[in-house]
Amino acid sequence: MPVSSSAIPLPPSAMTFYPFDLYRFYTDFLGAIQHSYQRHGHIFRWFALNPFTVLLGADANQWALVTQQKSLSAAKAWERPIGYLFHGGLMLRDGPDHRQHRKLLMPAFRQEALHHYLTTSEPIIDRHLQSWPQHCSNIYPRVKELTLEIAIQSFFGISQPKELLVYNQLITDIVAGSIAFNRVPVLGRLYQRAVRARRALVKLLGPLVQERRRHHTEDMMGQLCRSVDEEGRQMTDEEIVDQMIFIMMAAHDTTASTLSSLFYELAQHPEWHQRIRREAEAAAHVPVAQRPDHLPEALMVIRETLRRHTPLKVLPRVTNEDLEFQGFLLPKDTHVAVFPSFTHRMKEYWTDPDRFDPLRFGDARAEHKKHPFAYAPFGGGMHSCLGQFFAEKFLSVIIGKISMRCSWRIPDIELVRFQQVPIHIPRTLPVELEANL
């Protein structure tokens with residue numbers, strides 16, 4: 001769509017002293033965006049690591065993620081923060097290249113493949129829950145260990161304890177480095193450790209891909225090794241390794257984030273904890289692959305938790321050409337960002353948005369359907385999350401199992417602290433577990 005002659009440059013409305021904006025970005029992300037929104041409206045410029053243009057609201061989400069998705073680059077936006085560590089991942093591809101890789105990844109996310117991953121996950125969940133102590137000073141490390149082991153076994157087919165430890169450490173180091181602020185060689189030790197871990201993981205995965213080529217398996221890597229598009233093209237060994245490293249980060253981190261947030265919300269709303277427990281008990285006799293795609297009570301709670309605690313707060317893009325949004329000119333190479341996490345708290349779309357209220361996602365109210373992009377924790381358009389179905393079903397299975405096994409409480413809610421960016425995770429989330437009789 002051509003830019004109209006009446007489009008005006010965006011004023012430097014919210015740009016302030018750089019260190020101050022950077023501090024706000026890391027310490028009170030949504031509060032800072034709310035402050036600027038009240039002063040400047042739905043569109044303004046802001047500093048964080050770089051100057052960028054903020055677009056707020058459901059219309060902005062739709063414009064960036066669907067309407068102008070071909071004119072906005074995800075790859076350019078993500079290159080600086082994660083480009084080396086997750087080189088070649090789906091989020092770092094655009095245009096025909098992205099579409100081709102997305103098609104080749106699709107078989108690994110079909111329903112029958114997802115059911116295999118879930119079936120593989122059940123004994124891992126049971127074993128981990130048995131080892132959790134009654135008092136966890138922070139539940140997040142336990143959740144992270146659980147979700148990482150599930151991902152390694154489901155995606156790579158690795159189940160031997162010694163191998164699990166190796167893969168676990170390498171992936172942990174890569175993910176930690178991806179959010180490191182200091183990336184200067186030698187001084188940025190966290191990032192340099194991540195670089196070394198990626199190199200080591202690539203060396204391990206290369207032979208594993210070749211083995212999966214020779215002997216078919218049902219894990220995700222096995223699925224990708226035999227995926228062929230309509231033109232007969234397959235991914236190379238190197239492309240499969242790149243995609244698997246990226247998927248590990250994307251699936252594992254966001255799942256651990258949401259599961260931790262579920263602990264937080266259900267500890268404060270025991271009535272919903274009991275509703276999930278009863279629903280899970282009623283479905284427990286059915287093998288996971290044969291259960292309904294979604295248990296309605298659990299799904300409402302998961303979606304409300306994702307609304308309130310969206311794992312990825314920001315979806316950045318870079319303009320490939322001059323564009324216009326709501327009468328403002330966005331020149332080529334402008335860094336822009338939409339914030340579904342902020343839209344999830346806007347009164348225009350949600351009743352009492354700061355309240356935990358899963359019934360807003362029920363058929364009677366369906367607040368998430370007021371606008372197609374009022375609720376977008378999985379993004380949208382051609383870069384939407386491939387694993388949305390798996391994430392929702394996996395979370396319903398695991399939170400159901402945990403709810404049947406135990407109850408929990410947070411001994412002191414004032415001690416809870418969340419990190420909001422680059423991914424929403426609890427810095428401290430003390431939980432006391434009590435086995436159900």
# chains A, B, ... in the order shown; residues from 1 in each chain; ligands from 1
>>> residues_around(residues="Thr255 in chain A", least_positions_apart="4", cutoff="7 Å", atoms="only C-alpha atoms", output="short mmCIF file (atom, residue, chain, number, x, y, z; two decimals) with C-alpha atoms, in the first residue's frame")
data_model
loop_
_atom_site.label_atom_id
_atom_site.label_comp_id
_atom_site.auth_asym_id
_atom_site.auth_seq_id
_atom_site.Cartn_x
_atom_site.Cartn_y
_atom_site.Cartn_z
CA ALA A 251 9.42 -24.16 23.30
CA LEU A 259 3.92 -23.16 34.01
CA ALA A 391 1.73 -25.74 24.31
#
>>> select_by_dssp(residues="range 183-410 of chain A", states="helix (DSSP H, G or I)", output="PyMOL selection string")
chain A and resi 189-214+220-225+237-268+270-283+288-290+296-308+340-343+358-361+367-369+381-383+388-405
>>> residues_around(residues="Gln290 in chain A", least_positions_apart="4", cutoff="10 Å", atoms="only C-alpha atoms", output="list of chain:residue names")
A:His115, A:Ala283, A:Val286
>>> closest_residue(among="A:Tyr264, A:Phe44, A:Tyr375, A:Tyr26", to="Phe325 in chain A", atoms="only C-alpha atoms")
A:Phe44
>>> closest_residue(among="A:Ala64, A:Asn436, A:Leu205, A:Phe47", to="Phe29 in chain A", atoms="only C-alpha atoms")
A:Phe47
>>> residues_around(residues="Ile124 in chain A", least_positions_apart="2", cutoff="8 Å", atoms="only C-alpha atoms", output="list in words")
Thr120, Ser121, Glu122, Asp126, Arg127, His128, Leu146, Glu149 and Ile150 of chain A
>>> write_last_selection(atoms="all heavy atoms", output="PDB file, in the first residue's frame")
ATOM      1  N   THR A 120       5.299 -39.456  25.565  1.00  0.00           N
ATOM      2  CA  THR A 120       6.677 -39.528  26.060  1.00  0.00           C
ATOM      3  C   THR A 120       6.847 -38.709  27.332  1.00  0.00           C
ATOM      4  O   THR A 120       7.633 -39.058  28.215  1.00  0.00           O
ATOM      5  CB  THR A 120       7.650 -39.008  24.983  1.00  0.00           C
ATOM      6  OG1 THR A 120       7.496 -39.785  23.795  1.00  0.00           O
ATOM      7  CG2 THR A 120       9.094 -39.094  25.449  1.00  0.00           C
ATOM      8  N   SER A 121       6.092 -37.623  27.449  1.00  0.00           N
ATOM      9  CA  SER A 121       6.260 -36.690  28.566  1.00  0.00           C
ATOM     10  C   SER A 121       5.703 -37.222  29.884  1.00  0.00           C
ATOM     11  O   SER A 121       6.216 -36.882  30.955  1.00  0.00           O
ATOM     12  CB  SER A 121       5.561 -35.358  28.245  1.00  0.00           C
ATOM     13  OG  SER A 121       6.075 -34.774  27.075  1.00  0.00           O
ATOM     14  N   GLU A 122       4.647 -38.043  29.832  1.00  0.00           N
ATOM     15  CA  GLU A 122       3.939 -38.428  31.056  1.00  0.00           C
ATOM     16  C   GLU A 122       4.836 -39.068  32.118  1.00  0.00           C
ATOM     17  O   GLU A 122       4.812 -38.664  33.280  1.00  0.00           O
ATOM     18  CB  GLU A 122       2.760 -39.329  30.717  1.00  0.00           C
ATOM     19  CG  GLU A 122       1.584 -38.557  30.149  1.00  0.00           C
ATOM     20  CD  GLU A 122       0.275 -39.291  30.329  1.00  0.00           C
ATOM     21  OE1 GLU A 122       0.096 -40.321  29.657  1.00  0.00           O
ATOM     22  OE2 GLU A 122      -0.551 -38.839  31.150  1.00  0.00           O
ATOM     23  N   ASP A 126       5.751 -37.554  35.963  1.00  0.00           N
ATOM     24  CA  ASP A 126       5.536 -38.312  37.196  1.00  0.00           C
ATOM     25  C   ASP A 126       6.820 -38.434  38.010  1.00  0.00           C
ATOM     26  O   ASP A 126       6.814 -38.250  39.235  1.00  0.00           O
ATOM     27  CB  ASP A 126       4.995 -39.705  36.866  1.00  0.00           C
ATOM     28  CG  ASP A 126       3.576 -39.672  36.304  1.00  0.00           C
ATOM     29  OD1 ASP A 126       2.859 -38.694  36.598  1.00  0.00           O
ATOM     30  OD2 ASP A 126       3.205 -40.611  35.578  1.00  0.00           O
ATOM     31  N   ARG A 127       7.931 -38.729  37.342  1.00  0.00           N
ATOM     32  CA  ARG A 127       9.204 -38.900  38.053  1.00  0.00           C
ATOM     33  C   ARG A 127       9.659 -37.600  38.701  1.00  0.00           C
ATOM     34  O   ARG A 127      10.126 -37.588  39.839  1.00  0.00           O
ATOM     35  CB  ARG A 127      10.262 -39.430  37.072  1.00  0.00           C
ATOM     36  CG  ARG A 127      11.654 -39.553  37.668  1.00  0.00           C
ATOM     37  CD  ARG A 127      12.538 -40.448  36.809  1.00  0.00           C
ATOM     38  NE  ARG A 127      12.463 -40.109  35.410  1.00  0.00           N
ATOM     39  CZ  ARG A 127      13.126 -39.100  34.835  1.00  0.00           C
ATOM     40  NH1 ARG A 127      13.893 -38.308  35.590  1.00  0.00           N
ATOM     41  NH2 ARG A 127      13.029 -38.874  33.537  1.00  0.00           N
ATOM     42  N   HIS A 128       9.535 -36.508  37.988  1.00  0.00           N
ATOM     43  CA  HIS A 128       9.964 -35.224  38.553  1.00  0.00           C
ATOM     44  C   HIS A 128       9.105 -34.826  39.746  1.00  0.00           C
ATOM     45  O   HIS A 128       9.626 -34.355  40.767  1.00  0.00           O
ATOM     46  CB  HIS A 128       9.925 -34.130  37.480  1.00  0.00           C
ATOM     47  CG  HIS A 128      11.178 -34.048  36.665  1.00  0.00           C
ATOM     48  ND1 HIS A 128      12.154 -33.109  36.886  1.00  0.00           N
ATOM     49  CD2 HIS A 128      11.626 -34.807  35.634  1.00  0.00           C
ATOM     50  CE1 HIS A 128      13.143 -33.268  36.025  1.00  0.00           C
ATOM     51  NE2 HIS A 128      12.836 -34.299  35.250  1.00  0.00           N
ATOM     52  N   LEU A 146      12.262 -29.753  34.615  1.00  0.00           N
ATOM     53  CA  LEU A 146      11.226 -30.649  34.093  1.00  0.00           C
ATOM     54  C   LEU A 146      10.968 -30.404  32.612  1.00  0.00           C
ATOM     55  O   LEU A 146      11.007 -31.330  31.788  1.00  0.00           O
ATOM     56  CB  LEU A 146       9.942 -30.458  34.894  1.00  0.00           C
ATOM     57  CG  LEU A 146       8.668 -31.092  34.307  1.00  0.00           C
ATOM     58  CD1 LEU A 146       8.811 -32.603  34.213  1.00  0.00           C
ATOM     59  CD2 LEU A 146       7.448 -30.708  35.144  1.00  0.00           C
ATOM     60  N   GLU A 149      13.967 -31.417  30.298  1.00  0.00           N
ATOM     61  CA  GLU A 149      14.125 -32.857  30.059  1.00  0.00           C
ATOM     62  C   GLU A 149      13.057 -33.367  29.098  1.00  0.00           C
ATOM     63  O   GLU A 149      13.343 -34.189  28.211  1.00  0.00           O
ATOM     64  CB  GLU A 149      14.063 -33.643  31.365  1.00  0.00           C
ATOM     65  CG  GLU A 149      14.275 -35.135  31.138  1.00  0.00           C
ATOM     66  CD  GLU A 149      14.367 -35.947  32.407  1.00  0.00           C
ATOM     67  OE1 GLU A 149      14.714 -35.381  33.465  1.00  0.00           O
ATOM     68  OE2 GLU A 149      14.088 -37.163  32.339  1.00  0.00           O
ATOM     69  N   ILE A 150      11.834 -32.882  29.250  1.00  0.00           N
ATOM     70  CA  ILE A 150      10.770 -33.278  28.319  1.00  0.00           C
ATOM     71  C   ILE A 150      11.122 -32.867  26.900  1.00  0.00           C
ATOM     72  O   ILE A 150      10.966 -33.645  25.948  1.00  0.00           O
ATOM     73  CB  ILE A 150       9.429 -32.653  28.753  1.00  0.00           C
ATOM     74  CG1 ILE A 150       8.925 -33.330  30.027  1.00  0.00           C
ATOM     75  CG2 ILE A 150       8.386 -32.761  27.636  1.00  0.00           C
ATOM     76  CD1 ILE A 150       7.723 -32.653  30.642  1.00  0.00           C
TER      77      ILE A 150
END
>>> closest_residue(among="A:Val175, A:Ile302, A:Leu395, A:Leu386", to="Pro81 in chain A", atoms="only C-alpha atoms")
A:Val175
>>> closest_residue(among="A:Gln234, A:Asn61, A:Gln210, A:Gln223", to="His116 in chain A", atoms="only C-alpha atoms")
A:Gln223
>>> atom_distance(atom1="CA of Arg93 in chain A", atom2="CA of Gln326 in chain A")
27.5 Å
>>> residues_around(residues="Phe246 in chain A", least_positions_apart="2", cutoff="6 Å", atoms="only C-alpha atoms", output="MDAnalysis selection string")
chainID A and resid 86 89 243:244 248:249
>>> write_last_selection(atoms="C-alpha atoms", output="CSV table (one decimal), in the first residue's frame")
chain,number,residue,atom,x,y,z
A,86,PHE,CA,20.0,-19.2,17.1
A,89,GLY,CA,15.9,-20.5,13.3
A,243,GLN,CA,16.0,-25.3,13.6
A,244,MET,CA,16.2,-27.8,16.5
A,248,MET,CA,14.4,-25.9,22.0
A,249,MET,CA,14.8,-22.3,23.1
>>> residues_around(residues="range 68-72 of chain A", least_positions_apart="4", cutoff="10 Å", atoms="only C-alpha atoms", output="JSON, numbers by chain")
{"A": [1, 62, 63, 64, 76, 77, 94, 95, 316, 317, 318, 319, 320, 321, 322, 323, 324, 325, 332, 333, 334, 335, 336, 380, 381, 382, 383]}
>>> write_last_selection(atoms="C-alpha atoms", output="PDB file, in the first residue's frame")
ATOM      1  CA  MET A   1       0.000   0.000   0.000  1.00  0.00           C
ATOM      2  CA  GLN A  62      -3.093  -6.882  13.335  1.00  0.00           C
ATOM      3  CA  TRP A  63      -1.359  -4.272  11.155  1.00  0.00           C
ATOM      4  CA  ALA A  64       2.150  -5.488  11.990  1.00  0.00           C
ATOM      5  CA  LYS A  76      16.287  -8.114  10.814  1.00  0.00           C
ATOM      6  CA  ALA A  77      14.651  -7.337  14.153  1.00  0.00           C
ATOM      7  CA  ASP A  94      11.688 -13.957   6.086  1.00  0.00           C
ATOM      8  CA  GLY A  95       9.774 -14.227   2.836  1.00  0.00           C
ATOM      9  CA  PRO A 316       9.880  -6.493  17.064  1.00  0.00           C
ATOM     10  CA  ARG A 317      10.003  -5.843  13.343  1.00  0.00           C
ATOM     11  CA  VAL A 318      11.991  -3.672  10.885  1.00  0.00           C
ATOM     12  CA  THR A 319      10.306  -1.924   7.946  1.00  0.00           C
ATOM     13  CA  ASN A 320      11.446  -3.117   4.504  1.00  0.00           C
ATOM     14  CA  GLU A 321       9.989  -0.023   2.840  1.00  0.00           C
ATOM     15  CA  ASP A 322       8.299   3.260   3.736  1.00  0.00           C
ATOM     16  CA  LEU A 323       5.035   2.496   5.534  1.00  0.00           C
ATOM     17  CA  GLU A 324       2.172   4.450   7.052  1.00  0.00           C
ATOM     18  CA  PHE A 325       0.377   3.648  10.305  1.00  0.00           C
ATOM     19  CA  LYS A 332      12.350   2.139   5.540  1.00  0.00           C
ATOM     20  CA  ASP A 333      14.629   0.472   8.151  1.00  0.00           C
ATOM     21  CA  THR A 334      12.587   1.801  11.081  1.00  0.00           C
ATOM     22  CA  HIS A 335      12.602  -0.499  14.104  1.00  0.00           C
ATOM     23  CA  VAL A 336       9.028  -0.990  15.299  1.00  0.00           C
ATOM     24  CA  GLY A 380      -0.011 -13.986  14.494  1.00  0.00           C
ATOM     25  CA  GLY A 381       0.289 -14.155  10.746  1.00  0.00           C
ATOM     26  CA  MET A 382       3.044 -16.058   8.982  1.00  0.00           C
ATOM     27  CA  HIS A 383       5.322 -15.829  12.052  1.00  0.00           C
TER      28      HIS A 383
END
>>> residues_around(residues="Leu55 in chain A", least_positions_apart="2", cutoff="6 Å", atoms="only C-alpha atoms", output="list of chain:residue names")
A:His42, A:Ile43, A:Ala60, A:Val338
>>> closest_residue(among="A:Arg409, A:Arg99, A:Lys313, A:Arg213", to="Ala267 in chain A", atoms="only C-alpha atoms")
A:Arg409
